file upload17.txt (compact mmCIF, C-alpha atoms)
# COMPACT_ATOMS: atom_id res chain seq x y z
CA MET A 232 193.77 -72.64 -109.08
CA PRO A 233 192.34 -70.63 -106.22
CA THR A 234 194.72 -69.85 -103.36
CA VAL A 235 194.20 -72.08 -100.35
CA ASP A 236 193.41 -70.14 -97.18
CA HIS A 237 195.26 -72.24 -94.63
CA ASP A 238 194.12 -70.21 -91.62
CA GLU A 239 190.52 -70.57 -92.72
CA ARG A 240 190.95 -74.33 -93.13
CA ARG A 241 192.56 -74.68 -89.70
CA ARG A 242 189.76 -72.60 -88.19
CA ARG A 243 187.05 -74.70 -89.84
CA ILE A 244 188.69 -77.94 -88.74
CA ALA A 245 188.94 -76.69 -85.16
CA GLU A 246 185.32 -75.48 -85.21
CA VAL A 247 184.05 -78.87 -86.30
CA CYS A 248 186.33 -80.57 -83.81
CA VAL A 249 184.93 -78.52 -80.91
CA ALA A 250 181.37 -79.22 -82.03
CA VAL A 251 182.01 -82.99 -82.14
CA ILE A 252 183.71 -82.93 -78.71
CA ALA A 253 180.87 -80.95 -77.15
CA ARG A 254 178.29 -83.32 -78.66
CA GLU A 255 179.97 -86.70 -78.35
CA GLY A 256 183.14 -86.33 -76.30
CA LEU A 257 186.85 -86.39 -76.97
CA GLU A 258 186.96 -90.02 -78.07
CA ALA A 259 184.71 -89.25 -81.04
CA ALA A 260 187.01 -86.51 -82.31
CA THR A 261 189.27 -88.62 -84.50
CA VAL A 262 191.14 -87.16 -87.48
CA ARG A 263 189.07 -89.38 -89.81
CA ARG A 264 185.78 -88.27 -88.29
CA ILE A 265 186.65 -84.57 -88.30
CA ALA A 266 187.85 -84.79 -91.89
CA ALA A 267 184.55 -86.40 -92.91
CA GLU A 268 182.46 -83.79 -91.07
CA VAL A 269 184.38 -80.82 -92.41
CA GLY A 270 184.34 -82.29 -95.91
CA TYR A 271 188.11 -82.54 -96.39
CA GLY A 272 190.14 -85.67 -97.01
CA THR A 273 192.13 -87.02 -94.06
CA THR A 274 195.33 -86.08 -95.95
CA ILE A 275 194.32 -82.42 -95.82
CA VAL A 276 193.61 -82.62 -92.09
CA THR A 277 196.88 -84.45 -91.38
CA HIS A 278 198.67 -81.80 -93.45
CA TYR A 279 197.75 -79.35 -90.68
CA PHE A 280 197.65 -81.69 -87.69
CA ALA A 281 200.06 -84.59 -87.48
CA ASP A 282 197.76 -86.57 -85.19
CA LYS A 283 194.69 -86.42 -82.96
CA GLN A 284 196.70 -84.95 -80.08
CA GLN A 285 197.79 -81.96 -82.20
CA LEU A 286 194.26 -81.49 -83.48
CA LEU A 287 192.79 -81.52 -79.98
CA LEU A 288 195.38 -79.12 -78.60
CA TRP A 289 194.63 -76.77 -81.48
CA ALA A 290 190.89 -77.02 -80.83
CA TYR A 291 191.54 -76.21 -77.17
CA ARG A 292 193.46 -73.12 -78.25
CA VAL A 293 190.69 -71.98 -80.60
CA LEU A 294 188.21 -72.40 -77.77
CA ALA A 295 190.40 -70.31 -75.45
CA GLU A 296 190.61 -67.61 -78.13
CA GLU A 297 186.83 -67.58 -78.49
CA ALA A 298 186.53 -67.08 -74.72
CA HIS A 299 189.17 -64.36 -74.87
CA ASP A 300 187.32 -62.52 -77.67
CA ARG A 301 184.06 -62.54 -75.75
CA PHE A 302 185.80 -61.25 -72.64
CA GLN A 303 187.47 -58.46 -74.64
CA GLU A 304 184.15 -57.41 -76.20
CA VAL A 305 182.82 -56.73 -72.72
CA VAL A 306 185.83 -54.83 -71.40
CA ALA A 307 186.12 -52.83 -74.65
CA ARG A 308 182.72 -51.36 -73.74
CA ASP A 309 183.59 -50.88 -70.07
CA PRO A 310 187.02 -51.85 -68.70
CA ALA A 311 185.60 -52.03 -65.16
CA ASP A 312 182.56 -54.25 -65.97
CA LEU A 313 183.79 -57.14 -63.85
CA VAL A 314 180.44 -58.92 -63.58
CA GLY A 315 179.89 -58.69 -67.34
CA ALA A 316 183.41 -59.93 -68.03
CA LEU A 317 183.03 -62.90 -65.65
CA LEU A 318 179.59 -63.63 -67.11
CA SER A 319 181.12 -63.84 -70.59
CA MET A 320 183.40 -66.61 -69.30
CA THR A 321 180.59 -68.80 -67.97
CA ALA A 322 178.22 -71.35 -69.49
CA ALA A 323 175.45 -68.71 -69.42
CA ASP A 324 174.31 -69.16 -73.02
CA GLU A 325 174.24 -71.77 -75.77
CA ARG A 326 177.73 -70.92 -76.99
CA GLY A 327 179.13 -70.85 -73.47
CA GLN A 328 177.54 -74.24 -72.74
CA ARG A 329 179.14 -75.72 -75.83
CA ARG A 330 182.48 -74.28 -74.80
CA TRP A 331 182.21 -75.65 -71.25
CA ARG A 332 181.20 -79.11 -72.42
CA ALA A 333 184.40 -79.14 -74.46
CA TYR A 334 186.40 -77.70 -71.53
CA VAL A 335 185.29 -80.51 -69.24
CA ALA A 336 186.32 -83.04 -71.88
CA PHE A 337 189.73 -81.36 -72.12
CA TRP A 338 190.13 -81.26 -68.33
CA ASP A 339 189.40 -84.94 -68.23
CA ARG A 340 192.23 -85.45 -70.70
CA ALA A 341 194.46 -82.97 -68.83
CA ALA A 342 194.20 -85.06 -65.66
CA ARG A 343 196.15 -87.80 -67.47
CA ASP A 344 198.11 -85.96 -70.17
CA THR A 345 200.95 -83.54 -69.39
CA ALA A 346 200.64 -81.61 -72.67
CA PHE A 347 196.99 -80.88 -71.97
CA ALA A 348 197.73 -80.08 -68.33
CA ALA A 349 200.36 -77.54 -69.44
CA GLU A 350 197.88 -76.02 -71.90
CA GLN A 351 195.21 -75.81 -69.19
CA ARG A 352 197.64 -74.15 -66.75
CA LEU A 353 198.55 -71.61 -69.44
CA ARG A 354 194.87 -70.82 -70.05
CA ILE A 355 194.20 -70.48 -66.33
CA ASP A 356 197.11 -68.05 -66.01
CA GLN A 357 195.78 -66.00 -68.91
CA ALA A 358 192.30 -65.96 -67.43
CA LEU A 359 193.68 -64.85 -64.05
CA ALA A 360 195.66 -62.03 -65.67
CA ARG A 361 192.57 -60.85 -67.55
CA ILE A 362 190.38 -60.96 -64.45
CA ALA A 363 193.04 -59.14 -62.40
CA GLU A 364 193.12 -56.35 -64.98
CA VAL A 365 189.36 -55.78 -64.71
CA VAL A 366 189.47 -55.96 -60.90
CA ARG A 367 192.18 -53.29 -61.02
CA ALA A 368 190.09 -51.15 -63.38
CA ARG A 369 187.11 -51.52 -61.02
CA ASN A 370 188.76 -51.15 -57.63
CA GLY A 371 192.29 -49.92 -58.18
CA PRO A 372 195.50 -51.74 -57.27
CA ARG A 373 195.29 -53.95 -54.19
CA PRO A 374 197.64 -56.40 -52.51
CA ASP A 375 195.21 -59.34 -52.74
CA LEU A 376 194.69 -59.01 -56.50
CA GLU A 377 195.91 -62.50 -57.29
CA ARG A 378 193.92 -64.16 -54.53
CA VAL A 379 190.74 -62.32 -55.51
CA SER A 380 191.23 -63.23 -59.17
CA ARG A 381 191.79 -66.89 -58.32
CA LEU A 382 188.62 -66.99 -56.26
CA LEU A 383 186.55 -65.30 -58.97
CA ASN A 384 187.92 -67.68 -61.59
CA ALA A 385 187.06 -70.63 -59.34
CA VAL A 386 183.50 -69.33 -59.01
CA VAL A 387 183.20 -69.01 -62.80
CA GLN A 388 184.39 -72.59 -63.23
CA GLY A 389 182.30 -74.04 -60.42
CA ILE A 390 179.12 -72.33 -61.61
CA SER A 391 179.69 -73.34 -65.22
CA VAL A 392 180.16 -77.04 -64.56
CA GLN A 393 176.97 -77.01 -62.51
CA ALA A 394 175.11 -75.07 -65.21
CA LEU A 395 175.93 -77.85 -67.67
CA VAL A 396 173.68 -80.28 -65.81
CA ASP A 397 171.30 -77.91 -64.04
CA ARG A 398 170.02 -75.15 -66.31
CA GLU A 399 167.07 -74.52 -64.02
CA SER A 400 169.25 -73.42 -61.12
CA TRP A 401 171.69 -71.60 -63.35
CA SER A 402 169.92 -69.51 -65.96
CA ARG A 403 171.85 -66.57 -67.39
CA GLU A 404 170.09 -64.27 -64.90
CA GLN A 405 170.88 -66.51 -61.95
CA ILE A 406 174.53 -66.77 -62.97
CA ALA A 407 174.73 -62.99 -63.37
CA ALA A 408 173.12 -62.49 -59.95
CA ALA A 409 175.49 -64.96 -58.27
CA LEU A 410 178.51 -63.29 -59.86
CA ALA A 411 177.27 -59.82 -58.92
CA HIS A 412 176.80 -60.98 -55.35
CA GLN A 413 180.25 -62.58 -55.23
CA VAL A 414 181.93 -59.48 -56.69
CA ALA A 415 180.09 -57.11 -54.33
CA THR A 416 180.91 -59.30 -51.32
CA VAL A 417 184.58 -59.70 -52.12
CA LEU A 418 185.33 -56.24 -53.54
CA GLY A 419 182.55 -53.94 -52.36
CA PRO A 420 181.26 -51.21 -54.66
CA PRO A 421 183.39 -50.00 -57.60
CA ALA A 422 186.01 -47.50 -56.50
CA ARG A 423 185.88 -43.91 -57.81
CA LEU A 424 189.16 -43.96 -59.64
CA MET B 294 181.52 -123.25 -49.26
CA PRO B 295 182.21 -119.86 -47.71
CA THR B 296 179.38 -117.35 -47.84
CA VAL B 297 179.82 -114.74 -50.55
CA ASP B 298 179.84 -111.19 -49.22
CA HIS B 299 178.04 -109.37 -52.03
CA ASP B 300 178.42 -105.91 -50.53
CA GLU B 301 182.14 -106.46 -50.17
CA ARG B 302 182.38 -107.60 -53.79
CA ARG B 303 180.42 -104.60 -55.05
CA ARG B 304 182.60 -102.32 -52.97
CA ARG B 305 185.82 -103.84 -54.32
CA ILE B 306 184.58 -103.67 -57.90
CA ALA B 307 183.65 -100.01 -57.47
CA GLU B 308 187.01 -99.23 -55.80
CA VAL B 309 188.96 -100.73 -58.68
CA CYS B 310 186.65 -98.99 -61.15
CA VAL B 311 187.30 -95.57 -59.59
CA ALA B 312 191.06 -96.21 -59.56
CA VAL B 313 191.06 -97.12 -63.26
CA ILE B 314 188.93 -94.07 -64.15
CA ALA B 315 191.17 -91.70 -62.18
CA ARG B 316 194.28 -93.18 -63.81
CA GLU B 317 193.15 -93.81 -67.38
CA GLY B 318 189.74 -92.28 -67.88
CA LEU B 319 186.20 -93.54 -68.30
CA GLU B 320 186.84 -95.33 -71.59
CA ALA B 321 189.33 -97.67 -69.93
CA ALA B 322 186.80 -98.78 -67.29
CA THR B 323 185.25 -101.68 -69.20
CA VAL B 324 183.58 -104.58 -67.41
CA ARG B 325 186.26 -106.91 -68.78
CA ARG B 326 189.10 -104.70 -67.59
CA ILE B 327 187.62 -104.14 -64.13
CA ALA B 328 186.96 -107.88 -63.75
CA ALA B 329 190.60 -108.61 -64.64
CA GLU B 330 191.96 -106.00 -62.22
CA VAL B 331 189.76 -107.06 -59.33
CA GLY B 332 190.53 -110.72 -59.98
CA TYR B 333 186.95 -111.85 -60.65
CA GLY B 334 185.59 -113.37 -63.84
CA THR B 335 183.45 -111.10 -66.03
CA THR B 336 180.43 -113.26 -65.14
CA ILE B 337 180.79 -112.29 -61.50
CA VAL B 338 181.02 -108.59 -62.37
CA THR B 339 178.04 -108.80 -64.74
CA HIS B 340 176.14 -110.59 -61.97
CA TYR B 341 176.24 -107.30 -60.07
CA PHE B 342 176.32 -104.82 -62.94
CA ALA B 343 174.42 -105.56 -66.14
CA ASP B 344 176.68 -103.33 -68.22
CA LYS B 345 179.36 -100.65 -68.11
CA GLN B 346 176.77 -97.92 -67.58
CA GLN B 347 175.50 -99.58 -64.38
CA LEU B 348 179.04 -100.15 -63.18
CA LEU B 349 180.01 -96.53 -63.75
CA LEU B 350 176.89 -95.16 -62.07
CA TRP B 351 177.63 -97.37 -59.07
CA ALA B 352 181.24 -96.18 -58.96
CA TYR B 353 179.97 -92.58 -59.03
CA ARG B 354 177.74 -93.36 -56.07
CA VAL B 355 180.58 -94.97 -54.10
CA LEU B 356 182.68 -91.89 -54.78
CA ALA B 357 179.89 -89.63 -53.53
CA GLU B 358 179.60 -91.74 -50.39
CA GLU B 359 183.33 -91.46 -49.77
CA ALA B 360 183.05 -87.67 -50.03
CA HIS B 361 180.04 -87.75 -47.71
CA ASP B 362 181.93 -89.81 -45.11
CA ARG B 363 184.87 -87.41 -45.08
CA PHE B 364 182.52 -84.45 -44.72
CA GLN B 365 180.72 -86.14 -41.83
CA GLU B 366 183.99 -86.91 -40.05
CA VAL B 367 184.71 -83.18 -39.93
CA VAL B 368 181.27 -82.04 -38.78
CA ALA B 369 181.10 -84.85 -36.20
CA ARG B 370 184.06 -83.14 -34.51
CA ASP B 371 182.65 -79.63 -34.94
CA PRO B 372 179.25 -79.07 -36.63
CA ALA B 373 180.21 -75.43 -37.36
CA ASP B 374 183.65 -76.12 -38.92
CA LEU B 375 182.63 -74.82 -42.34
CA VAL B 376 186.16 -74.35 -43.68
CA GLY B 377 187.16 -77.85 -42.57
CA ALA B 378 184.03 -79.33 -44.10
CA LEU B 379 184.57 -77.54 -47.42
CA LEU B 380 188.25 -78.52 -47.36
CA SER B 381 187.25 -82.18 -47.02
CA MET B 382 185.31 -81.82 -50.29
CA THR B 383 188.25 -80.48 -52.32
CA ALA B 384 191.18 -82.05 -54.14
CA ALA B 385 193.44 -81.04 -51.24
CA ASP B 386 195.12 -84.41 -50.75
CA GLU B 387 195.97 -87.56 -52.68
CA ARG B 388 192.60 -89.14 -52.09
CA GLY B 389 190.74 -85.96 -52.95
CA GLN B 390 192.73 -85.63 -56.16
CA ARG B 391 191.84 -89.16 -57.16
CA ARG B 392 188.20 -88.43 -56.45
CA TRP B 393 188.21 -85.23 -58.48
CA ARG B 394 189.92 -86.84 -61.43
CA ALA B 395 187.08 -89.34 -61.48
CA TYR B 396 184.48 -86.57 -60.97
CA VAL B 397 185.73 -84.69 -64.03
CA ALA B 398 185.49 -87.89 -66.05
CA PHE B 399 181.91 -88.38 -64.84
CA TRP B 400 181.01 -84.75 -65.59
CA ASP B 401 182.30 -85.21 -69.09
CA ARG B 402 179.96 -88.17 -69.44
CA ALA B 403 177.10 -86.28 -67.73
CA ALA B 404 177.29 -83.56 -70.39
CA ARG B 405 176.07 -86.14 -72.91
CA ASP B 406 174.21 -88.73 -70.82
CA THR B 407 170.94 -87.98 -69.04
CA ALA B 408 171.35 -90.75 -66.42
CA PHE B 409 174.71 -89.33 -65.39
CA ALA B 410 173.37 -85.77 -65.49
CA ALA B 411 170.54 -86.80 -63.15
CA GLU B 412 173.04 -88.48 -60.81
CA GLN B 413 175.25 -85.39 -60.82
CA ARG B 414 172.29 -83.11 -60.05
CA LEU B 415 171.34 -85.37 -57.15
CA ARG B 416 174.89 -85.23 -55.76
CA ILE B 417 175.00 -81.44 -56.14
CA ASP B 418 171.71 -81.16 -54.23
CA GLN B 419 173.06 -83.36 -51.46
CA ALA B 420 176.25 -81.34 -51.26
CA LEU B 421 174.26 -78.10 -51.09
CA ALA B 422 172.09 -79.46 -48.28
CA ARG B 423 175.16 -80.54 -46.33
CA ILE B 424 176.90 -77.21 -46.79
CA ALA B 425 173.73 -75.32 -45.82
CA GLU B 426 173.55 -77.30 -42.58
CA VAL B 427 177.08 -76.31 -41.59
CA VAL B 428 176.48 -72.67 -42.57
CA ARG B 429 173.42 -72.73 -40.31
CA ALA B 430 175.43 -74.27 -37.48
CA ARG B 431 178.08 -71.57 -37.92
CA ASN B 432 175.96 -68.48 -38.50
CA GLY B 433 172.38 -69.37 -37.68
CA PRO B 434 169.42 -69.37 -40.07
CA ARG B 435 169.59 -66.76 -42.85
CA PRO B 436 167.46 -65.99 -45.89
CA ASP B 437 170.34 -66.37 -48.35
CA LEU B 438 171.30 -69.85 -47.16
CA GLU B 439 170.80 -71.49 -50.54
CA ARG B 440 172.64 -68.80 -52.46
CA VAL B 441 175.56 -68.87 -50.06
CA SER B 442 175.75 -72.66 -50.22
CA ARG B 443 175.70 -72.63 -54.03
CA LEU B 444 178.52 -70.13 -54.12
CA LEU B 445 180.62 -72.10 -51.63
CA ASN B 446 180.04 -75.31 -53.58
CA ALA B 447 181.05 -73.53 -56.78
CA VAL B 448 184.28 -72.38 -55.12
CA VAL B 449 185.01 -75.95 -53.96
CA GLN B 450 184.51 -77.24 -57.50
CA GLY B 451 186.42 -74.44 -59.22
CA ILE B 452 189.40 -74.76 -56.88
CA SER B 453 189.48 -78.54 -57.18
CA VAL B 454 189.56 -78.67 -60.97
CA GLN B 455 192.39 -76.16 -60.94
CA ALA B 456 194.24 -78.09 -58.24
CA LEU B 457 194.24 -81.14 -60.53
CA VAL B 458 196.58 -79.42 -62.97
CA ASP B 459 198.28 -76.87 -60.72
CA ARG B 460 199.38 -78.32 -57.39
CA GLU B 461 201.85 -75.49 -56.87
CA SER B 462 199.15 -72.83 -56.71
CA TRP B 463 196.75 -75.07 -54.80
CA SER B 464 198.50 -76.91 -52.00
CA ARG B 465 196.34 -78.06 -49.10
CA GLU B 466 197.35 -74.92 -47.17
CA GLN B 467 196.53 -72.62 -50.07
CA ILE B 468 193.15 -74.26 -50.60
CA ALA B 469 192.38 -73.96 -46.88
CA ALA B 470 193.42 -70.28 -46.91
CA ALA B 471 191.28 -69.52 -49.97
CA LEU B 472 188.26 -71.26 -48.42
CA ALA B 473 188.78 -69.48 -45.09
CA HIS B 474 188.94 -66.17 -46.90
CA GLN B 475 185.82 -66.91 -48.94
CA VAL B 476 183.87 -68.03 -45.86
CA ALA B 477 184.96 -65.00 -43.83
CA THR B 478 184.12 -62.62 -46.68
CA VAL B 479 180.70 -64.09 -47.39
CA LEU B 480 179.60 -64.93 -43.85
CA GLY B 481 181.77 -62.90 -41.51
CA PRO B 482 182.89 -64.37 -38.19
CA PRO B 483 181.00 -67.35 -36.69
CA ALA B 484 177.88 -66.25 -34.85
CA ARG B 485 177.60 -66.82 -31.09
CA LEU B 486 174.67 -69.18 -31.15
call {"tool": "encode", "arguments": {"input": "upload17.txt", "output": "structure tokens"}}
result
Amino acid sequence: MPTVDHDERRRRIAEVCVAVIAREGLEAATVRRIAAEVGYGTTIVTHYFADKQQLLLWAYRVLAEEAHDRFQEVVARDPADLVGALLSMTAADERGQRRWRAYVAFWDRAARDTAFAAEQRLRIDQALARIAEVVRARNGPRPDLERVSRLLNAVVQGISVQALVDRESWSREQIAAALAHQVATVLGPPARL
Amino acid sequence: MPTVDHDERRRRIAEVCVAVIAREGLEAATVRRIAAEVGYGTTIVTHYFADKQQLLLWAYRVLAEEAHDRFQEVVARDPADLVGALLSMTAADERGQRRWRAYVAFWDRAARDTAFAAEQRLRIDQALARIAEVVRARNGPRPDLERVSRLLNAVVQGISVQALVDRESWSREQIAAALAHQVATVLGPPARL
């Protein structure tokens, strides 16, 4: 018997779950449906996730990790590339759009579900910490670091939800330009550190 | 027989619909459920709204009108009160929170429904035009009016979705301070027109 790769199974289940949510919404993402799409029996899925709530929270986490990885790829190349890092967070490409469609579905749930709200707060805090680090790398320590990070994160979120319904106004180039403008306005040019 | 006030009925139906959406989500807002909550028979509700889709689109419109009215109240007092006008758009108070909870639910639908996406684009355009007008009243005509308005609208949206899950970081005062900071940074002091 081949060894079962549990991490791989969890990852595949979450992947399919995110795809279904992005395409059809949270309601469609039932354990039965995900099991069918991923090609496992429901018993296998419920072995990893006791119920739909657990499955969705896991999918949310996987999504947050994907966003984290993309952010890290940018700052690994240049720790002070704030515009690039913010751009990686937005719905600027196909993958980002899929992620944001799922985010909005999760937010909708979070507005009425304390477990999801707690998860969303955690992800916001992590995003703020990551942004603050890049701001610091770009412009050095500053007393308004938290406020600046919150504002930049708000811009990323506001632009992305608009990009979901209005691709014409928010192409990748337009998003990058808006972020560059916002960063330059709020922080000025990069400091010589 | 007393005359039936159709506008009043439509308004009440939409009100109840928005309340149910904000509390329980879009799925809960069925014609049957809304009819029960408003105290009409389903036949009366379906007299005004052929199906759930029509009812939801109407509720979205009523919500947008409520936001418009609050915005207008501010600019009627001072056409250049940009921070006040933006603040009226956010989830800064109970009513704003209710509105934003419903917005997020509608966005979630808009990501997968072209009629809702079109409605959302229309509302974004109207919001941008309103914001641009106040920016002009505050700082005079400027070539980057559209870009500035888009950025301010993005900040309003980004802050509001965060405020839904994190009231501690986004009290009314904190939202007002963040908006004031953003406006001052992007536009500088009000122009003497």
call {"tool": "residues_around", "arguments": {"input": "upload17.txt", "residues": "Arg423 (chain A)", "least_positions_apart": "3", "cutoff": "9 Å", "atoms": "only C-alpha atoms", "output": "list in words"}}
result
Arg369, Asn370 and Gly371 of chain A
call {"tool": "closest_residue", "arguments": {"input": "upload17.txt", "among": "B:Trp351, B:Trp463, B:Phe342, B:Trp400", "to": "chain A", "atoms": "only C-alpha atoms"}}
result
B:Trp400
call {"tool": "atom_distance", "arguments": {"input": "upload17.txt", "atom1": "CA of Gln405 (chain A)", "atom2": "CA of Ala298 (chain A)"}}
result
20.2 Å
call {"tool": "closest_atom_pairs", "arguments": {"input": "upload17.txt", "of": "chain A", "to": "chain B", "cutoff": "8 Å", "atoms": "only C-alpha atoms", "output": "tab-separated table"}}
result
residue	atom	partner	partner_atom	distance
A:Arg254	CA	B:Arg405	CA	6.8
A:Glu255	CA	B:Arg405	CA	6.7
A:Gly256	CA	B:Asp401	CA	7.3
A:Arg332	CA	B:Ala404	CA	6.3
A:Val335	CA	B:Asp401	CA	5.6
A:Ala336	CA	B:Asp401	CA	5.4
A:Trp338	CA	B:Val397	CA	7.0
A:Asp339	CA	B:Ala398	CA	5.4
A:Arg340	CA	B:Gly318	CA	7.8
A:Ala341	CA	B:Val458	CA	7.2
A:Ala342	CA	B:Arg394	CA	6.3
A:Arg343	CA	B:Glu317	CA	6.7
A:Ala348	CA	B:Val458	CA	5.5
A:Ala349	CA	B:Val458	CA	7.7
A:Gln351	CA	B:Val458	CA	7.3
A:Arg352	CA	B:Val458	CA	6.6
A:Arg378	CA	B:Ala471	CA	7.5
A:Leu382	CA	B:Val448	CA	7.0
A:Asn384	CA	B:Gly451	CA	7.3
A:Ala385	CA	B:Gly451	CA	3.9
A:Val386	CA	B:Val448	CA	5.0
A:Val387	CA	B:Gly451	CA	7.3
A:Gln388	CA	B:Gly451	CA	4.9
A:Gly389	CA	B:Ala447	CA	3.9
A:Ile390	CA	B:Ala447	CA	5.3
A:Val392	CA	B:Trp400	CA	7.8
A:Gln393	CA	B:Ala447	CA	7.8
A:Leu395	CA	B:Ala404	CA	6.5
A:Val396	CA	B:Ala410	CA	5.5
A:Asp397	CA	B:Arg414	CA	6.6
A:Ala409	CA	B:Leu444	CA	7.3
A:Gln413	CA	B:Leu444	CA	7.8
A:Thr416	CA	B:Val479	CA	6.2
A:Val417	CA	B:Thr478	CA	6.2
call {"tool": "atom_distance", "arguments": {"input": "upload17.txt", "atom1": "CA of Arg361 (chain A)", "atom2": "CA of Glu297 (chain A)"}}
result
14.1 Å
call {"tool": "atom_distance", "arguments": {"input": "upload17.txt", "atom1": "CA of Asp282 (chain A)", "atom2": "CA of Arg263 (chain A)"}}
result
10.2 Å
